Amino acid sequence: MSGGWADWLREGRFAGMSEEEREEQLRLLGVVRDQVLDLARLGPGDDVLDLGAGTGLLTFGAHERIGDGWVIAVDPEVDNLQELLRTAHGLEAAGISYLVGDAEVLPLPDASVDAAVTRSVLMYVEDLAEAARELFRVLRPGGRLACYEPLNRRGTYLPTTVDWTPVGADLAARVAAEWEAHAASSALMRLDEGALEGALQDAGFAEVSVEVGERDEPWLVDEASAAARLDAVGAAGEPSLRERWARTFAPHELELFVAHLGSLAGTTLTFRRAEAWVSATRP
Ligand SMILES: C[S@@+](CC[C@H](N)C(=O)[O-])C[C@H]1O[C@@H](n2cnc3c(N)ncnc32)[C@H](O)[C@@H]1O
């Protein structure tokens, strides 16, 4: 990907990554963006809601496809919409409106858009049923919903992918227990494909399709990227793995974990990523 929005990601969200990792992340985001927009079957003149627009991945992609239609970017975070607005000005992209709002109470009239698109947003929503009803309400009859959501509970992560037994069987068991407790309580782990499908059907959607995909994500371990993964946060306000471990383990135990990761430098680990591709129509 090239252009203002991709450059913003290179300099912002992906700033700590190697150039190779950054370009791979951009490539993957571009693939997801295009697949969601394809699923929504956007055409010239469509008005499109981008729910949880963030900094505009889908907004700008949709904008390119709909000619003189409007993209309505909705997000609860004013900062995100301001960033989106700045990028839109840089790109001289007209035909985008910016509304602060939540999936559970959409700031749009009934039957006001031809399509709704969303990526990695429903997993943050507390009341999925309400969000599905709101999406149904704002779509015009015949309107299309397309959505991509990570299924985090099906994924694998540092605690579950690394063989921790070299730090000691007892510590390895405590790493596993900490992970299970986290996964059971984290809001970001709760979304599953059955809940998505059920919420859309109950809201009245037709032609509901939820396809689950799984892919491998290889990681060539080195000290810098190990530190970045320990410090990564799943969402604003969520603790990083390092912060979680600091609550559960003594400082010398944490040092053992970091040293063990360091000893893996040069090897490749493979994480599993799972995701749901969703489409539905308002009859
Ligand atoms: C991982 S980002 C994805 C942003 C964008 N869709 C993209 O593809 O880059 C998640 C976005 O969902 C927004 N969000 C979180 N909770 C939400 C809610 N209840 N309703 C609508 N948006 C929400 C966040 O503010 C954030 O912009």
# chains A, B, ... in the order shown; residues from 1 in each chain; ligands from 1
call {"tool": "residues_near_ligand", "arguments": {"ligand": "ligand 1", "cutoff": "6 Å", "atoms": "only C-alpha atoms and all ligand atoms", "output": "list in words"}}
result
Leu51, Gly52, Ala53, Gly54, Thr55, Gly56, Leu57, Leu58, Asp75, Pro76, Glu77, Asp102, Ala103, Thr118, Arg119, Ser120, Val121, Tyr124 and Val125 of chain A
call {"tool": "residues_around", "arguments": {"residues": "stretch 247-259 of chain A", "least_positions_apart": "5", "cutoff": "12 Å", "atoms": "only C-alpha atoms", "output": "PyMOL selection string"}}
result
chain A and resi 158-159+162-168+170-172+174-179+181-182+222-231+239-242+264-265
call {"tool": "select_by_dssp", "arguments": {"residues": "stretch 167-203 of chain A", "states": "alpha helix (DSSP H)", "output": "ChimeraX atom specification"}}
result
/A:169-185,193-203
call {"tool": "residues_around", "arguments": {"residues": "A:Ala274", "least_positions_apart": "6", "cutoff": "8 Å", "atoms": "only C-alpha atoms", "output": "list in words"}}
result
Pro150, Leu151, Asn152, Arg154, Gly155, Val212, Gly213, Glu214 and Arg215 of chain A
call {"tool": "write_last_selection", "arguments": {"atoms": "N, CA and C atoms", "output": "PDB file, in the first residue's frame"}}
result
ATOM      1  N   PRO A 150     -11.289 -10.803  14.277  1.00  0.00           N
ATOM      2  CA  PRO A 150     -10.385 -11.830  14.805  1.00  0.00           C
ATOM      3  C   PRO A 150     -11.127 -12.686  15.835  1.00  0.00           C
ATOM      4  N   LEU A 151     -10.852 -13.980  15.837  1.00  0.00           N
ATOM      5  CA  LEU A 151     -11.412 -14.865  16.869  1.00  0.00           C
ATOM      6  C   LEU A 151     -10.252 -15.197  17.799  1.00  0.00           C
ATOM      7  N   ASN A 152     -10.035 -14.298  18.742  1.00  0.00           N
ATOM      8  CA  ASN A 152      -8.796 -14.372  19.529  1.00  0.00           C
ATOM      9  C   ASN A 152      -8.680 -15.639  20.365  1.00  0.00           C
ATOM     10  N   ARG A 154      -9.325 -18.558  19.615  1.00  0.00           N
ATOM     11  CA  ARG A 154      -8.799 -19.685  18.833  1.00  0.00           C
ATOM     12  C   ARG A 154      -7.321 -19.485  18.484  1.00  0.00           C
ATOM     13  N   GLY A 155      -6.779 -18.327  18.783  1.00  0.00           N
ATOM     14  CA  GLY A 155      -5.400 -18.033  18.401  1.00  0.00           C
ATOM     15  C   GLY A 155      -4.398 -18.595  19.401  1.00  0.00           C
ATOM     16  N   VAL A 212     -15.105 -19.106   8.972  1.00  0.00           N
ATOM     17  CA  VAL A 212     -13.948 -19.046   9.875  1.00  0.00           C
ATOM     18  C   VAL A 212     -12.697 -19.432   9.101  1.00  0.00           C
ATOM     19  N   GLY A 213     -11.669 -18.607   9.223  1.00  0.00           N
ATOM     20  CA  GLY A 213     -10.387 -18.922   8.582  1.00  0.00           C
ATOM     21  C   GLY A 213      -9.303 -19.021   9.640  1.00  0.00           C
ATOM     22  N   GLU A 214      -8.306 -19.846   9.374  1.00  0.00           N
ATOM     23  CA  GLU A 214      -7.154 -19.925  10.287  1.00  0.00           C
ATOM     24  C   GLU A 214      -5.895 -19.795   9.454  1.00  0.00           C
ATOM     25  N   ARG A 215      -4.903 -19.098   9.984  1.00  0.00           N
ATOM     26  CA  ARG A 215      -3.639 -18.988   9.245  1.00  0.00           C
ATOM     27  C   ARG A 215      -2.485 -19.004  10.241  1.00  0.00           C
TER      28      ARG A 215
END
call {"tool": "select_by_dssp", "arguments": {"residues": "stretch 140-220 of chain A", "states": "strand (DSSP E or B)", "output": "list in words"}}
result
Arg140, Pro141, Gly142, Gly143, Arg144, Leu145, Ala146, Cys147, Tyr148, Glu149, Pro150, Ala206, Glu207, Val208, Ser209, Val210, Glu211, Val212, Gly213, Glu214, Arg215, Asp216, Glu217, Pro218, Trp219 and Leu220 of chain A
call {"tool": "write_last_selection", "arguments": {"atoms": "N, CA and C atoms", "output": "PDB file, in the first residue's frame"}}
result
ATOM      1  N   ARG A 140     -30.577   0.254   4.578  1.00  0.00           N
ATOM      2  CA  ARG A 140     -31.786   0.294   3.753  1.00  0.00           C
ATOM      3  C   ARG A 140     -32.187  -1.144   3.411  1.00  0.00           C
ATOM      4  N   PRO A 141     -33.458  -1.401   3.089  1.00  0.00           N
ATOM      5  CA  PRO A 141     -33.822  -2.746   2.635  1.00  0.00           C
ATOM      6  C   PRO A 141     -32.925  -3.143   1.461  1.00  0.00           C
ATOM      7  N   GLY A 142     -32.419  -4.349   1.512  1.00  0.00           N
ATOM      8  CA  GLY A 142     -31.464  -4.799   0.493  1.00  0.00           C
ATOM      9  C   GLY A 142     -30.029  -4.436   0.830  1.00  0.00           C
ATOM     10  N   GLY A 143     -29.848  -3.708   1.920  1.00  0.00           N
ATOM     11  CA  GLY A 143     -28.501  -3.255   2.305  1.00  0.00           C
ATOM     12  C   GLY A 143     -27.625  -4.407   2.765  1.00  0.00           C
ATOM     13  N   ARG A 144     -26.303  -4.261   2.545  1.00  0.00           N
ATOM     14  CA  ARG A 144     -25.349  -5.344   2.841  1.00  0.00           C
ATOM     15  C   ARG A 144     -24.454  -4.999   4.040  1.00  0.00           C
ATOM     16  N   LEU A 145     -24.228  -6.026   4.840  1.00  0.00           N
ATOM     17  CA  LEU A 145     -23.272  -5.909   5.947  1.00  0.00           C
ATOM     18  C   LEU A 145     -22.072  -6.792   5.645  1.00  0.00           C
ATOM     19  N   ALA A 146     -20.870  -6.263   5.828  1.00  0.00           N
ATOM     20  CA  ALA A 146     -19.658  -7.076   5.660  1.00  0.00           C
ATOM     21  C   ALA A 146     -18.710  -6.772   6.809  1.00  0.00           C
ATOM     22  N   CYS A 147     -18.113  -7.815   7.316  1.00  0.00           N
ATOM     23  CA  CYS A 147     -17.362  -7.626   8.549  1.00  0.00           C
ATOM     24  C   CYS A 147     -16.239  -8.656   8.677  1.00  0.00           C
ATOM     25  N   TYR A 148     -15.133  -8.223   9.273  1.00  0.00           N
ATOM     26  CA  TYR A 148     -14.011  -9.109   9.591  1.00  0.00           C
ATOM     27  C   TYR A 148     -13.753  -8.998  11.087  1.00  0.00           C
ATOM     28  N   GLU A 149     -13.676 -10.125  11.762  1.00  0.00           N
ATOM     29  CA  GLU A 149     -13.361 -10.092  13.193  1.00  0.00           C
ATOM     30  C   GLU A 149     -12.324 -11.165  13.548  1.00  0.00           C
ATOM     31  N   PRO A 150     -11.289 -10.803  14.277  1.00  0.00           N
ATOM     32  CA  PRO A 150     -10.385 -11.830  14.805  1.00  0.00           C
ATOM     33  C   PRO A 150     -11.127 -12.686  15.835  1.00  0.00           C
ATOM     34  N   ALA A 206     -30.830 -11.585   6.751  1.00  0.00           N
ATOM     35  CA  ALA A 206     -30.953 -12.772   5.895  1.00  0.00           C
ATOM     36  C   ALA A 206     -29.590 -13.066   5.281  1.00  0.00           C
ATOM     37  N   GLU A 207     -29.470 -14.207   4.649  1.00  0.00           N
ATOM     38  CA  GLU A 207     -28.233 -14.612   3.956  1.00  0.00           C
ATOM     39  C   GLU A 207     -27.009 -14.422   4.859  1.00  0.00           C
ATOM     40  N   VAL A 208     -27.164 -14.804   6.121  1.00  0.00           N
ATOM     41  CA  VAL A 208     -26.052 -14.637   7.079  1.00  0.00           C
ATOM     42  C   VAL A 208     -24.986 -15.690   6.793  1.00  0.00           C
ATOM     43  N   SER A 209     -23.795 -15.231   6.537  1.00  0.00           N
ATOM     44  CA  SER A 209     -22.685 -16.160   6.293  1.00  0.00           C
ATOM     45  C   SER A 209     -21.524 -15.797   7.225  1.00  0.00           C
ATOM     46  N   VAL A 210     -21.042 -16.778   7.983  1.00  0.00           N
ATOM     47  CA  VAL A 210     -19.890 -16.562   8.873  1.00  0.00           C
ATOM     48  C   VAL A 210     -18.864 -17.626   8.535  1.00  0.00           C
ATOM     49  N   GLU A 211     -17.804 -17.213   7.880  1.00  0.00           N
ATOM     50  CA  GLU A 211     -16.760 -18.178   7.508  1.00  0.00           C
ATOM     51  C   GLU A 211     -15.555 -17.999   8.409  1.00  0.00           C
ATOM     52  N   VAL A 212     -15.105 -19.106   8.972  1.00  0.00           N
ATOM     53  CA  VAL A 212     -13.948 -19.046   9.875  1.00  0.00           C
ATOM     54  C   VAL A 212     -12.697 -19.432   9.101  1.00  0.00           C
ATOM     55  N   GLY A 213     -11.669 -18.607   9.223  1.00  0.00           N
ATOM     56  CA  GLY A 213     -10.387 -18.922   8.582  1.00  0.00           C
ATOM     57  C   GLY A 213      -9.303 -19.021   9.640  1.00  0.00           C
ATOM     58  N   GLU A 214      -8.306 -19.846   9.374  1.00  0.00           N
ATOM     59  CA  GLU A 214      -7.154 -19.925  10.287  1.00  0.00           C
ATOM     60  C   GLU A 214      -5.895 -19.795   9.454  1.00  0.00           C
ATOM     61  N   ARG A 215      -4.903 -19.098   9.984  1.00  0.00           N
ATOM     62  CA  ARG A 215      -3.639 -18.988   9.245  1.00  0.00           C
ATOM     63  C   ARG A 215      -2.485 -19.004  10.241  1.00  0.00           C
ATOM     64  N   ASP A 216      -1.318 -19.336   9.720  1.00  0.00           N
ATOM     65  CA  ASP A 216      -0.112 -19.347  10.554  1.00  0.00           C
ATOM     66  C   ASP A 216       0.590 -17.996  10.437  1.00  0.00           C
ATOM     67  N   GLU A 217       1.119 -17.542  11.550  1.00  0.00           N
ATOM     68  CA  GLU A 217       1.902 -16.298  11.530  1.00  0.00           C
ATOM     69  C   GLU A 217       3.296 -16.619  12.054  1.00  0.00           C
ATOM     70  N   PRO A 218       4.281 -16.781  11.172  1.00  0.00           N
ATOM     71  CA  PRO A 218       5.626 -17.101  11.643  1.00  0.00           C
ATOM     72  C   PRO A 218       6.295 -15.876  12.271  1.00  0.00           C
ATOM     73  N   TRP A 219       7.089 -16.145  13.280  1.00  0.00           N
ATOM     74  CA  TRP A 219       7.821 -15.056  13.947  1.00  0.00           C
ATOM     75  C   TRP A 219       9.273 -15.487  14.139  1.00  0.00           C
ATOM     76  N   LEU A 220      10.172 -14.775  13.482  1.00  0.00           N
ATOM     77  CA  LEU A 220      11.602 -15.002  13.669  1.00  0.00           C
ATOM     78  C   LEU A 220      12.009 -14.229  14.921  1.00  0.00           C
TER      79      LEU A 220
END
call {"tool": "closest_residue", "arguments": {"among": "A:Thr87, A:Glu126, A:Ala131, A:Arg273", "to": "A:Glu104", "atoms": "only C-alpha atoms"}}
result
A:Ala131
call {"tool": "closest_atom_pairs", "arguments": {"of": "stretch 71-129 of chain A", "to": "stretch 42-45 of chain A", "cutoff": "12 Å", "atoms": "only C-alpha atoms", "output": "tab-separated table"}}
result
residue	atom	partner	partner_atom	distance
A:Val71	CA	A:Gly45	CA	10.3
A:Gly95	CA	A:Gly45	CA	10.8
A:Val113	CA	A:Gly45	CA	10.7
A:Asp114	CA	A:Leu42	CA	8.5
A:Ala115	CA	A:Leu42	CA	7.3
A:Ala116	CA	A:Leu42	CA	9.8
A:Val117	CA	A:Leu42	CA	9.9
call {"tool": "residues_around", "arguments": {"residues": "A:Ala93", "least_positions_apart": "5", "cutoff": "10 Å", "atoms": "only C-alpha atoms", "output": "VMD selection string"}}
result
chain A and resid 60 63 to 64 85 87 to 88
call {"tool": "atom_distance", "arguments": {"atom1": "atom CA of A:Ala73", "atom2": "atom CA of A:Gln35"}}
result
18.6 Å
call {"tool": "closest_residue", "arguments": {"among": "A:Leu261, A:Ala232, A:Leu191, A:Ala184", "to": "A:Leu122", "atoms": "only C-alpha atoms"}}
result
A:Leu191
call {"tool": "closest_residue", "arguments": {"among": "A:Ser263, A:Val74, A:His89, A:Asn80", "to": "A:Gly101", "atoms": "only C-alpha atoms"}}
result
A:Val74
call {"tool": "atom_distance", "arguments": {"atom1": "atom CA of A:Val36", "atom2": "atom CA of A:Asp127"}}
result
22.4 Å
call {"tool": "residues_around", "arguments": {"residues": "A:Ser112", "least_positions_apart": "3", "cutoff": "12 Å", "atoms": "only C-alpha atoms", "output": "list in words"}}
result
Asp46, Asp47, Val48, Leu49, Gly69, Trp70, Val71, Ile72, Leu106, Pro107, Leu108, Pro109, Ala115, Ala116, Glu134, Leu135, Phe136, Arg137, Val138, Leu139, Arg140, Pro141, Gly142 and Gly143 of chain A
call {"tool": "atom_distance", "arguments": {"atom1": "atom CA of A:Pro283", "atom2": "atom CA of A:Ala132"}}
result
14.1 Å
call {"tool": "decode", "arguments": {"residues": "stretch 130-180 of chain A", "atoms": "C-alpha atoms", "output": "mmCIF file, in the first residue's frame"}}
result
data_model
loop_
_atom_site.group_PDB
_atom_site.id
_atom_site.type_symbol
_atom_site.label_atom_id
_atom_site.label_comp_id
_atom_site.auth_asym_id
_atom_site.auth_seq_id
_atom_site.Cartn_x
_atom_site.Cartn_y
_atom_site.Cartn_z
ATOM 1 C CA GLU A 130 -27.843 -4.528 20.304
ATOM 2 C CA ALA A 131 -25.102 -3.740 17.768
ATOM 3 C CA ALA A 132 -26.636 -6.214 15.312
ATOM 4 C CA ARG A 133 -30.063 -4.597 15.761
ATOM 5 C CA GLU A 134 -28.551 -1.150 15.186
ATOM 6 C CA LEU A 135 -26.769 -2.277 12.009
ATOM 7 C CA PHE A 136 -30.045 -3.733 10.772
ATOM 8 C CA ARG A 137 -31.907 -0.500 11.594
ATOM 9 C CA VAL A 138 -29.586 1.848 9.691
ATOM 10 C CA LEU A 139 -29.334 -0.316 6.559
ATOM 11 C CA ARG A 140 -31.786 0.294 3.753
ATOM 12 C CA PRO A 141 -33.822 -2.746 2.635
ATOM 13 C CA GLY A 142 -31.464 -4.799 0.493
ATOM 14 C CA GLY A 143 -28.501 -3.255 2.305
ATOM 15 C CA ARG A 144 -25.349 -5.344 2.841
ATOM 16 C CA LEU A 145 -23.272 -5.909 5.947
ATOM 17 C CA ALA A 146 -19.658 -7.076 5.660
ATOM 18 C CA CYS A 147 -17.362 -7.626 8.549
ATOM 19 C CA TYR A 148 -14.011 -9.109 9.591
ATOM 20 C CA GLU A 149 -13.361 -10.092 13.193
ATOM 21 C CA PRO A 150 -10.385 -11.830 14.805
ATOM 22 C CA LEU A 151 -11.412 -14.865 16.869
ATOM 23 C CA ASN A 152 -8.796 -14.372 19.529
ATOM 24 C CA ARG A 153 -9.767 -17.355 21.679
ATOM 25 C CA ARG A 154 -8.799 -19.685 18.833
ATOM 26 C CA GLY A 155 -5.400 -18.033 18.401
ATOM 27 C CA THR A 156 -2.063 -18.902 20.001
ATOM 28 C CA TYR A 157 0.246 -16.421 21.706
ATOM 29 C CA LEU A 158 3.579 -16.199 23.536
ATOM 30 C CA PRO A 159 2.336 -18.014 26.653
ATOM 31 C CA THR A 160 0.874 -20.888 24.625
ATOM 32 C CA THR A 161 3.394 -21.138 21.767
ATOM 33 C CA VAL A 162 6.758 -20.963 23.513
ATOM 34 C CA ASP A 163 7.924 -24.124 25.298
ATOM 35 C CA TRP A 164 8.397 -22.712 28.799
ATOM 36 C CA THR A 165 9.587 -25.945 30.444
ATOM 37 C CA PRO A 166 13.277 -24.897 30.274
ATOM 38 C CA VAL A 167 12.483 -22.260 32.964
ATOM 39 C CA GLY A 168 11.222 -25.096 35.213
ATOM 40 C CA ALA A 169 8.127 -27.280 35.223
ATOM 41 C CA ASP A 170 6.510 -25.367 38.072
ATOM 42 C CA LEU A 171 6.994 -21.965 36.437
ATOM 43 C CA ALA A 172 5.811 -23.327 33.082
ATOM 44 C CA ALA A 173 2.617 -24.579 34.743
ATOM 45 C CA ARG A 174 2.081 -21.151 36.302
ATOM 46 C CA VAL A 175 2.527 -19.483 32.889
ATOM 47 C CA ALA A 176 -0.186 -21.802 31.528
ATOM 48 C CA ALA A 177 -2.479 -21.092 34.487
ATOM 49 C CA GLU A 178 -2.004 -17.329 34.144
ATOM 50 C CA TRP A 179 -2.892 -17.609 30.456
ATOM 51 C CA GLU A 180 -6.064 -19.596 31.143
#
